[in-house]
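**Student:** The structure's right below; bear with me while I get my questions together.
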Amino acid sequence: MPARDPDLPVVRFTERRLDNGLRVIVAPDRLAPVVAINLWYAVGSRNETPGKTGFAHLFEHFMFQGSRHVTKAEHMTLIQSAGGVNNATTFFDRTNYFETLPSHQLELGLWLEADRMATLLDALSQENLDNQREVVKNEKRQSYDNRPYGSFYEKLMAAVFPTGHPYHTTPIGSMEDLDAASLEDVTAFFRTWYAPDNAVLSIVGDVDEGPALEAAQRYFGPIPASGGFPPFVAPDGPTRIGREIREVVPDAVPLERVHFGFRMPPFGRPEYDAMEVASQILAGGKGSRLHRRLVRDERIAQDVTAFALPLVGGSTIFAGWVTARPESDAATVEAAYLEELQRMVDEPVTADELARAQALIESSELSALGRVEEVADRLSMFATYFDRPELINEQLGRYLAVDAAAIQRAATEIFRADNRAVITYVPAVRQEAAA
Amino acid sequence: MTNVRRPGDPPDDRPAGPLTDALLIDGPDEPDLIDSSGDPVLPEAPPNATVITDATEAPRAAEASPAPDPDPLAVLDVRPAPREPRAYHFPRFERHVLINGLTLLSAHLPGRPLLNAQLVFRGGVSVEAADRGGVTVLAARSLTEGTQQRDAIELIEATERLGADLDAEAGWDSLVAGISVPRSRFAPALELLAEVVLSPSFPEAEVDRLRDERLNDLLQARAEPRRRIERVFPETIYASTAPYARPLGGTERTVPGLDREAVQAAYWRLADPASAVFVVAGDLQGLALVDLVEEHFGGRMAAQAVDRGALIEAHADGPRVVVVDRPGSPQSEIRIGHLGVSRSTPDFHALSVLNTILGGQFGSRLNQLLREDRGYTYGVHTSFDMRRGTGPFVVRMAVQTEVTVPAITETLGELRRIGEGPVEQHELDEARDYLVGVFPLRFEAAPQVATAIAGLAIHELPDDELDRYRPAIAAITADDVLAAARAHVRPQDASVVVVGDASQWVDGLREAGIGEVTVIADPVSGEER
């Protein structure tokens, strides 16, 4: 194990749970006069019910449509004219809202987040629903439907996780379900999930702990707790897919591409740490195994990737793809890709490969912990997922503790023929493309 | 964690974004599109932290009574006022000139242990010969593929052992080789960077591979609507002889002819220490920086007379409306724009405010209209891409197929309106306060600071340019914005390019009377017209 870089910062933070259950975490960082506010709600696409896919994300858009004291779109305007930036994202296991502001505007950010947590429904209207539904449908078209290979994410998750599994559908949902969304659905979603006792608030940057905690208490303290959140039960299903799933997709693409998905233990488990390091060794840079063999040496591939998704609901996915050069083909690159995965099973990675991968991971940590918004996001994440924000200072150590045997053990369990989905994109023939 | 970078041109012809693009869904402010400066240019923005909220815009909050209220949520009735802002200035940087003429610019950023160093050669893609299009980008990428001392794999492994990211990239006005590395390993990393820029070997096999990857990437770019349109749009505003008409990485016509010899020549033409700057940013405490840089770069790099060549700025003849037909497209990608300005424009600050109001942020006129009122799009953005020569002004959006024509005509309407009268006071205030306020946010990490300093050198701007930024923005008036709009936003000159299913709207586009419509059949779909 390489020596830890002496400059790696330790994030020091204070946390307090308000009476209404809101968990507040404050980490002062004086490097710049800015503050990052980050709010995680423990709800994501995994909590959607059949026929209502895409609702967690559609709802996220509503959070920018106004509340009792904020008019439509004013949230963004207030943040931006305060000299801040903000956004939100929806994922399988959570939804996060965040803004970075000049530090003297901390209270504006807290007030805006509190107002929509407490009074969002005051501003709900059919007009806003219709508008945001169109915006979200355009987001889906732009990000997925109108891109070559754009359907891979949907297809891969649907293959690796069976119908009914919370990860079977992706957060963007389906056009049909978005079309069916009603005001009652939006209201019910808010009442069910958006409450202080289902959230974590992190404040990181140029602030003092005491005043920041007081400000959080002032604006969020009066919001009543909700309770009664439908419990998420991680599915009991087998840890492996149980067979090989294959699909061939004709699409408007010039180069053949093969996507892979394997089911694996979730983020937080030692196997996940091992696979995180393994993905760095496999495809993490120009010196990685897949890149070196397929792109540089054999020159059969245009690009190659491998990564694990940080999902926590019982299991997650290890995924990757390889794009064939025009003079090669999908079968050739698939065989080479799978051989490299099998090599992780058959023999331990070398000490030098491990050291290089861990040095790169360490630098990437150093970069991440130097940005207040990333620190705030991670504090919220570790508190939401594992009830342990202090993991922010432990995660790197876990990656550095991964050894060759751990990688080989995890690879042996995961990289199996009866545990993979293979989705192959091929150029559509002329008449199909023109249809 | 780094992923293998996909070849292709970063800004104006760029490949799909990072993995997370596809895997996380963004919220309302779409970070995914467009910041289309070719070079490390100056941040187009911000400010002097006074003021910030406009009291006249907050009647509901301001009028609310702070009197005792049984409602426990009454605290939300009053919008909080900003506290006293903390002082901020752009990080100070120091200047040293080494014996061989190389200028070292260093910014000490306490608490930023991941250092960033960039060797910046001035002159870039914009001075390459038309029949060698793409050679500068290929030269930059080939730099890190081997040296006289190490082959590609040895170099890559040595870099990774340091946990370093070694990278070289070319833009319109520069070629930059840089390294990011923890400060504890800075000295050996600097040695690798020196090796790469002083004694690159440009191995033939690697140059050929990168050239072939670029050709494959061009195939991919044709298939992706938002990259396809970035290829077509510049061709409608620049003459085919102008470098700005081409993508940075070259075309199917120019790239096949590139080889090791061409790449070598292109690199050594630019690699003159006397016109270069070496920028280092991060926590430099305890590092003998000047000595280190002198040791690795000072003596071993001889000054040469560099001919940067002439900047060719030929323009296309007139407005054009071009349609790339892709039957079955679920959306239309749209670009509307014309020639803009160069970075040396005296209207830089007025244009920054103007662009913010028109289409530079979420609350802009165009985004409010087309997204929040109409629901046509996930987001619309405008930008003035400022280069050493005249860069483009462009509006970018993707809309659902059935609203293609109204999205275009309503956009042109907003481009007219911005020149018809002064912007509202609240628009001016919001834009200025935004630009002034986000300024510190842009320089949190060492690479951002180094890139901004490099931009000063590339565009030959004074050292205090970034210090002047916030007061200059704060001083912009509605009249300044109007004058800038009248000079630099010219809807009557605009090209309009659409990639989408033409059968659904091309008749309407012709009837809209914007100009004669040229339809190109899309080879990806295989349909000929």
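Simple scheme: letters A, B, ... for chains in structure tokens order, numbers from 1 for residues in each chain, numbers from 1 for ligands in the order shown.
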Enumerate, as number ranges by chain, the complete set of residues in region 130-376 of chain A that a backbone-based DSSP assignment places in strand (DSSP E).
**Tutor:** A: 199-205, 245-251, 257-264, 301-308, 316-324
**Student:** Skipping near chain neighbours, those fewer than 3 positions away, what residues fall within 9 Å of region 280-287 of chain A using only C-alpha atoms, listed as a PDB file with C-alpha atoms, in the first residue's frame?
**Tutor:**
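Here's the written file around.pdb:
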```pdb
ATOM      1  CA  MET A 275     -14.212  -3.077  -8.236  1.00  0.00           C
ATOM      2  CA  GLU A 276     -13.628   0.660  -8.086  1.00  0.00           C
ATOM      3  CA  VAL A 277      -9.891  -0.004  -8.101  1.00  0.00           C
ATOM      4  CA  LEU A 290      -8.348  -2.429 -21.851  1.00  0.00           C
ATOM      5  CA  HIS A 291      -7.154   0.826 -23.340  1.00  0.00           C
ATOM      6  CA  ARG A 292      -3.648  -0.462 -23.839  1.00  0.00           C
ATOM      7  CA  ARG A 296      -3.215   1.044 -28.514  1.00  0.00           C
ATOM      8  CA  VAL A 304     -13.319   1.690 -24.073  1.00  0.00           C
ATOM      9  CA  THR A 305     -14.780   2.242 -20.582  1.00  0.00           C
ATOM     10  CA  ALA A 306     -15.456   0.323 -17.354  1.00  0.00           C
ATOM     11  CA  PHE A 307     -17.040   1.613 -14.158  1.00  0.00           C
ATOM     12  CA  GLY A 320     -18.654  -0.648 -19.591  1.00  0.00           C
ATOM     13  CA  GLU A 340      -9.387  -8.953 -20.150  1.00  0.00           C
ATOM     14  CA  LEU A 341     -12.155  -9.318 -17.550  1.00  0.00           C
ATOM     15  CA  MET A 344      -8.750 -10.323 -13.618  1.00  0.00           C
ATOM     16  CA  VAL A 349      -3.093  -7.750 -10.798  1.00  0.00           C
ATOM     17  CA  GLU A 353      -0.683  -1.744 -11.654  1.00  0.00           C
ATOM     18  CA  LEU A 354      -2.227  -1.533  -8.227  1.00  0.00           C
ATOM     19  CA  ARG A 356      -0.520   3.286 -10.271  1.00  0.00           C
ATOM     20  CA  ALA A 357      -4.270   2.930  -9.942  1.00  0.00           C
ATOM     21  CA  GLN A 358      -4.180   3.932  -6.286  1.00  0.00           C
ATOM     22  CA  LEU A 360      -4.441   8.179  -9.556  1.00  0.00           C
ATOM     23  CA  ILE A 361      -7.345   7.606  -7.178  1.00  0.00           C
TER      24      ILE A 361
ATOM     25  CA  MET B   1     -11.295   9.150 -11.514  1.00  0.00           C
ATOM     26  CA  THR B   2     -10.059   9.796 -14.968  1.00  0.00           C
ATOM     27  CA  ASN B   3     -11.511   8.050 -17.939  1.00  0.00           C
ATOM     28  CA  VAL B   4      -9.860   7.626 -21.258  1.00  0.00           C
ATOM     29  CA  ARG B   5     -10.462  10.831 -23.078  1.00  0.00           C
ATOM     30  CA  ILE B 153       4.017   3.167 -22.374  1.00  0.00           C
ATOM     31  CA  ILE B 156       2.351   6.842 -19.360  1.00  0.00           C
ATOM     32  CA  GLU B 157       3.390   4.511 -16.541  1.00  0.00           C
ATOM     33  CA  GLU B 160       0.600   7.365 -13.435  1.00  0.00           C
TER      34      GLU B 160
END
```
**Student:** I'd like the interatomic distance between CA of Glu252 (chain B) and CA of Ser151 (chain A), to a tenth of an Å.
**Tutor:**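 For CA of Glu252 (chain B) relative to CA of Ser151 (chain A), the distance reads 28.0 Å.
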**Student:** From the list A:Val43, A:Ala159, A:Ala308, A:Ala336, which residue is nearest chain B when using only C-alpha atoms?
**Tutor:**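 For chain B, the nearest of the candidates is A:Ala308.
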**Student:** Within region 161-328 of chain A, find each residue whose DSSP state, derived from the backbone, is alpha helix (DSSP H), and express the selection as a PyMOL selection string.
**Tutor:** chain A and resi 175-180+183-193+209-220+270-283+289-290
**Student:** Would you save the residues of that selection, restricted to N, CA and C atoms, as a short mmCIF file (atom, residue, chain, number, x, y, z; two decimals), in the first residue's frame?
**Tutor:**
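After the write, result32.cif holds the following:
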```cif
data_model
loop_
_atom_site.label_atom_id
_atom_site.label_comp_id
_atom_site.auth_asym_id
_atom_site.auth_seq_id
_atom_site.Cartn_x
_atom_site.Cartn_y
_atom_site.Cartn_z
N MET A 175 -41.86 8.33 -21.62
CA MET A 175 -42.72 9.39 -22.13
C MET A 175 -44.18 9.15 -21.72
N GLU A 176 -44.59 7.89 -21.78
CA GLU A 176 -45.99 7.57 -21.47
C GLU A 176 -46.30 7.94 -20.02
N ASP A 177 -45.40 7.56 -19.11
CA ASP A 177 -45.65 7.86 -17.70
C ASP A 177 -45.60 9.36 -17.45
N LEU A 178 -44.67 10.05 -18.12
CA LEU A 178 -44.60 11.51 -17.93
C LEU A 178 -45.90 12.15 -18.41
N ASP A 179 -46.42 11.67 -19.53
CA ASP A 179 -47.67 12.21 -20.05
C ASP A 179 -48.82 12.01 -19.07
N ALA A 180 -48.74 10.93 -18.32
CA ALA A 180 -49.86 10.60 -17.42
C ALA A 180 -49.77 11.33 -16.08
N LEU A 183 -51.51 16.59 -11.28
CA LEU A 183 -51.22 17.43 -10.11
C LEU A 183 -51.33 16.64 -8.82
N GLU A 184 -52.28 15.70 -8.79
CA GLU A 184 -52.44 14.87 -7.59
C GLU A 184 -51.17 14.05 -7.35
N ASP A 185 -50.59 13.54 -8.44
CA ASP A 185 -49.35 12.77 -8.29
C ASP A 185 -48.24 13.62 -7.69
N VAL A 186 -48.13 14.84 -8.19
CA VAL A 186 -47.05 15.71 -7.72
C VAL A 186 -47.27 16.04 -6.24
N THR A 187 -48.49 16.35 -5.90
CA THR A 187 -48.82 16.66 -4.51
C THR A 187 -48.51 15.47 -3.60
N ALA A 188 -48.93 14.30 -4.05
CA ALA A 188 -48.69 13.10 -3.23
C ALA A 188 -47.20 12.84 -3.07
N PHE A 189 -46.45 13.05 -4.12
CA PHE A 189 -45.01 12.81 -4.04
C PHE A 189 -44.38 13.74 -3.02
N PHE A 190 -44.78 15.00 -3.06
CA PHE A 190 -44.23 15.97 -2.11
C PHE A 190 -44.59 15.57 -0.68
N ARG A 191 -45.87 15.26 -0.45
CA ARG A 191 -46.30 14.95 0.92
C ARG A 191 -45.65 13.69 1.44
N THR A 192 -45.36 12.77 0.55
CA THR A 192 -44.77 11.51 0.99
C THR A 192 -43.29 11.65 1.32
N TRP A 193 -42.56 12.42 0.52
CA TRP A 193 -41.09 12.34 0.60
C TRP A 193 -40.37 13.60 1.05
N GLU A 209 -19.17 27.57 12.52
CA GLU A 209 -20.12 26.50 12.82
C GLU A 209 -21.37 26.99 13.55
N GLY A 210 -21.15 27.79 14.62
CA GLY A 210 -22.27 28.24 15.44
C GLY A 210 -23.31 29.00 14.64
N PRO A 211 -22.92 30.09 14.01
CA PRO A 211 -23.89 30.86 13.23
C PRO A 211 -24.53 30.06 12.10
N ALA A 212 -23.80 29.17 11.50
CA ALA A 212 -24.38 28.38 10.41
C ALA A 212 -25.46 27.44 10.95
N LEU A 213 -25.16 26.80 12.09
CA LEU A 213 -26.17 25.92 12.70
C LEU A 213 -27.39 26.72 13.14
N GLU A 214 -27.14 27.91 13.68
CA GLU A 214 -28.27 28.76 14.10
C GLU A 214 -29.13 29.15 12.90
N ALA A 215 -28.49 29.49 11.80
CA ALA A 215 -29.25 29.88 10.61
C ALA A 215 -30.07 28.70 10.09
N ALA A 216 -29.47 27.52 10.13
CA ALA A 216 -30.21 26.33 9.68
C ALA A 216 -31.42 26.11 10.60
N GLN A 217 -31.21 26.26 11.91
CA GLN A 217 -32.31 26.10 12.87
C GLN A 217 -33.41 27.13 12.61
N ARG A 218 -32.98 28.37 12.32
CA ARG A 218 -33.95 29.45 12.14
C ARG A 218 -34.88 29.16 10.97
N TYR A 219 -34.32 28.75 9.83
CA TYR A 219 -35.16 28.59 8.65
C TYR A 219 -35.79 27.20 8.52
N PHE A 220 -35.10 26.18 8.97
CA PHE A 220 -35.65 24.83 8.81
C PHE A 220 -36.36 24.33 10.07
N PRO A 270 -17.12 -4.06 0.64
CA PRO A 270 -15.71 -4.21 0.24
C PRO A 270 -15.56 -4.61 -1.23
N GLU A 271 -16.51 -5.40 -1.73
CA GLU A 271 -16.42 -5.80 -3.15
C GLU A 271 -16.51 -4.58 -4.06
N TYR A 272 -17.31 -3.60 -3.65
CA TYR A 272 -17.44 -2.38 -4.46
C TYR A 272 -16.12 -1.63 -4.47
N ASP A 273 -15.49 -1.50 -3.30
CA ASP A 273 -14.18 -0.84 -3.25
C ASP A 273 -13.20 -1.54 -4.19
N ALA A 274 -13.22 -2.86 -4.14
CA ALA A 274 -12.30 -3.62 -5.00
C ALA A 274 -12.59 -3.35 -6.48
N MET A 275 -13.87 -3.29 -6.83
CA MET A 275 -14.21 -3.08 -8.24
C MET A 275 -13.94 -1.64 -8.68
N GLU A 276 -13.98 -0.72 -7.75
CA GLU A 276 -13.63 0.66 -8.09
C GLU A 276 -12.15 0.72 -8.51
N VAL A 277 -11.31 0.04 -7.75
CA VAL A 277 -9.89 0.00 -8.10
C VAL A 277 -9.71 -0.83 -9.39
N ALA A 278 -10.46 -1.91 -9.49
CA ALA A 278 -10.36 -2.75 -10.70
C ALA A 278 -10.73 -1.95 -11.95
N SER A 279 -11.74 -1.10 -11.85
CA SER A 279 -12.15 -0.35 -13.04
C SER A 279 -11.08 0.65 -13.44
N GLN A 280 -10.35 1.15 -12.45
CA GLN A 280 -9.22 2.04 -12.77
C GLN A 280 -8.14 1.25 -13.52
N ILE A 281 -7.88 0.04 -13.06
CA ILE A 281 -6.85 -0.80 -13.70
C ILE A 281 -7.31 -1.23 -15.10
N LEU A 282 -8.60 -1.46 -15.24
CA LEU A 282 -9.12 -1.93 -16.53
C LEU A 282 -9.22 -0.82 -17.57
N ALA A 283 -9.72 0.34 -17.16
CA ALA A 283 -10.02 1.35 -18.18
C ALA A 283 -9.85 2.78 -17.66
N ARG A 289 -5.45 -1.57 -18.74
CA ARG A 289 -5.37 -2.81 -19.54
C ARG A 289 -6.20 -2.76 -20.81
N LEU A 290 -7.47 -2.39 -20.68
CA LEU A 290 -8.35 -2.43 -21.85
C LEU A 290 -7.91 -1.39 -22.88
#
```
**Student:** Residues at most 10 Å from region 445-460 of chain B, counting only C-alpha atoms, excluding those fewer than 5 positions away in the same chain, as a PyMOL selection string?
**Tutor:** (chain A and resi 367-368+370-371) or (chain B and resi 39-43+90-91+93+103+105-109+112-123+173-176+178-180+275-283+342-344+386-388+465-466)
**Student:** Would you mind exporting C-alpha atoms of the selected residues as a short mmCIF file (atom, residue, chain, number, x, y, z; two decimals), in the first residue's frame?
**Tutor:**
```cif
data_model
loop_
_atom_site.label_atom_id
_atom_site.label_comp_id
_atom_site.auth_asym_id
_atom_site.auth_seq_id
_atom_site.Cartn_x
_atom_site.Cartn_y
_atom_site.Cartn_z
CA SER A 367 -8.84 17.35 -6.32
CA ALA A 368 -12.34 16.55 -5.06
CA GLY A 370 -10.38 20.88 -2.65
CA ARG A 371 -13.83 21.95 -3.86
CA ASP B 39 -8.60 28.42 -25.75
CA PRO B 40 -7.99 29.09 -22.17
CA VAL B 41 -9.81 32.38 -22.60
CA LEU B 42 -10.78 34.80 -19.97
CA PRO B 43 -13.70 33.80 -17.92
CA PHE B 90 -8.06 37.30 -8.16
CA PRO B 91 -4.94 35.48 -6.90
CA PHE B 93 0.77 36.12 -9.58
CA THR B 103 8.29 33.80 -18.90
CA LEU B 105 3.96 33.22 -14.09
CA SER B 106 3.24 31.70 -10.70
CA ALA B 107 0.26 32.01 -8.36
CA HIS B 108 0.59 30.77 -4.79
CA LEU B 109 -2.75 29.38 -3.61
CA ARG B 112 -4.39 23.84 -2.82
CA PRO B 113 -1.92 20.92 -2.77
CA LEU B 114 -2.84 19.67 -6.24
CA LEU B 115 -0.62 21.81 -8.44
CA ASN B 116 -1.20 22.69 -12.05
CA ALA B 117 1.58 23.68 -14.45
CA GLN B 118 1.02 24.70 -18.06
CA LEU B 119 3.51 25.52 -20.75
CA VAL B 120 1.63 27.75 -23.14
CA PHE B 121 2.80 28.34 -26.70
CA ARG B 122 1.04 31.19 -28.43
CA GLY B 123 -0.33 30.55 -31.89
CA ASP B 173 -4.73 30.52 -30.37
CA SER B 174 -2.45 28.27 -28.33
CA LEU B 175 -0.88 24.90 -27.79
CA VAL B 176 -0.76 23.99 -24.10
CA GLY B 178 0.29 20.75 -18.78
CA ILE B 179 0.45 18.56 -15.74
CA SER B 180 -1.66 18.28 -12.59
CA SER B 275 7.03 33.80 -26.91
CA ALA B 276 5.81 31.16 -24.46
CA VAL B 277 4.68 31.42 -20.87
CA PHE B 278 4.97 28.83 -18.15
CA VAL B 279 2.15 29.09 -15.62
CA VAL B 280 2.12 27.35 -12.24
CA ALA B 281 -0.70 27.56 -9.70
CA GLY B 282 -1.31 25.88 -6.36
CA ASP B 283 0.22 25.73 -2.91
CA SER B 342 -12.45 39.09 -31.16
CA ARG B 343 -11.17 39.03 -27.58
CA SER B 344 -9.61 42.43 -28.12
CA MET B 386 -13.93 35.37 -28.39
CA ARG B 387 -10.67 34.45 -30.10
CA ARG B 388 -7.67 36.33 -31.44
CA GLU B 465 -7.23 42.55 -16.43
CA LEU B 466 -8.83 40.15 -13.96
#
```
**Student:** For Val258 (chain A), find every residue with an atom within 7 Å (counting only C-alpha atoms), except residues of its own chain fewer than 6 positions away, and show them as a list in words.
**Tutor:** Trp321, Val322, Thr323, Ala330, Glu334, Val422, Ile423, Thr424 and Tyr425 of chain A
**Student:** Could you save the residues just selected, with N, CA and C atoms, as an mmCIF file, in the first residue's frame?
**Tutor:**
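File selection-v8.cif, as written:
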```cif
data_model
loop_
_atom_site.group_PDB
_atom_site.id
_atom_site.type_symbol
_atom_site.label_atom_id
_atom_site.label_comp_id
_atom_site.auth_asym_id
_atom_site.auth_seq_id
_atom_site.Cartn_x
_atom_site.Cartn_y
_atom_site.Cartn_z
ATOM 1 N N TRP A 321 -18.243 -0.229 -21.909
ATOM 2 C CA TRP A 321 -18.487 -0.449 -23.330
ATOM 3 C C TRP A 321 -17.193 -0.399 -24.112
ATOM 4 N N VAL A 322 -17.271 -0.923 -25.305
ATOM 5 C CA VAL A 322 -16.145 -0.818 -26.237
ATOM 6 C C VAL A 322 -16.717 -0.532 -27.625
ATOM 7 N N THR A 323 -16.155 0.466 -28.301
ATOM 8 C CA THR A 323 -16.586 0.838 -29.642
ATOM 9 C C THR A 323 -15.579 0.269 -30.643
ATOM 10 N N ALA A 330 -17.976 -5.956 -33.796
ATOM 11 C CA ALA A 330 -18.440 -6.117 -32.417
ATOM 12 C C ALA A 330 -17.946 -7.426 -31.807
ATOM 13 N N GLU A 334 -15.715 -7.542 -28.469
ATOM 14 C CA GLU A 334 -16.352 -8.178 -27.304
ATOM 15 C C GLU A 334 -15.447 -9.283 -26.752
ATOM 16 N N VAL A 422 -25.226 -8.246 -22.429
ATOM 17 C CA VAL A 422 -24.403 -7.761 -23.536
ATOM 18 C C VAL A 422 -25.336 -7.129 -24.564
ATOM 19 N N ILE A 423 -25.225 -5.816 -24.718
ATOM 20 C CA ILE A 423 -26.095 -5.101 -25.655
ATOM 21 C C ILE A 423 -25.219 -4.597 -26.790
ATOM 22 N N THR A 424 -25.499 -5.046 -27.992
ATOM 23 C CA THR A 424 -24.645 -4.709 -29.134
ATOM 24 C C THR A 424 -25.363 -3.767 -30.092
ATOM 25 N N TYR A 425 -24.762 -2.629 -30.335
ATOM 26 C CA TYR A 425 -25.318 -1.664 -31.295
ATOM 27 C C TYR A 425 -24.655 -1.872 -32.647
#
```
**Student:** With only C-alpha atoms as the atoms that count, which of B:Ser352, B:Thr241, B:Thr477, B:Gln504 lies nearest to Ser126 (chain B)?
**Tutor:**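 Closest to Ser126 (chain B) of all the choices is B:Thr241.
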**Student:** Would you compute the distance between CA of Asp19 (chain A) and CA of Val35 (chain A)? Give it in Å to one decimal.
**Tutor:** 24.5 Å
**Student:** How many Å lie between CA of Asn355 (chain B) and CA of Gly379 (chain B), rounded to one decimal?
**Tutor:**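 Result for CA of Asn355 (chain B) versus CA of Gly379 (chain B): 15.0 Å, one decimal.
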**Student:** For Ala407 (chain B), find every residue with an atom within 8 Å (counting only C-alpha atoms), except residues of its own chain fewer than 5 positions away, and show them as a PyMOL selection string.
**Tutor:** chain B and resi 370+376+399
**Student:** Restricting it to C-alpha atoms, dump the selection as a short mmCIF file (atom, residue, chain, number, x, y, z; two decimals), in the first residue's frame.
**Tutor:**
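Writing the result to result21.cif gives the following:
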```cif
data_model
loop_
_atom_site.label_atom_id
_atom_site.label_comp_id
_atom_site.auth_asym_id
_atom_site.auth_seq_id
_atom_site.Cartn_x
_atom_site.Cartn_y
_atom_site.Cartn_z
CA LEU B 370 -38.49 29.18 -24.95
CA TYR B 376 -39.97 24.06 -26.40
CA VAL B 399 -36.32 21.63 -29.53
#
```
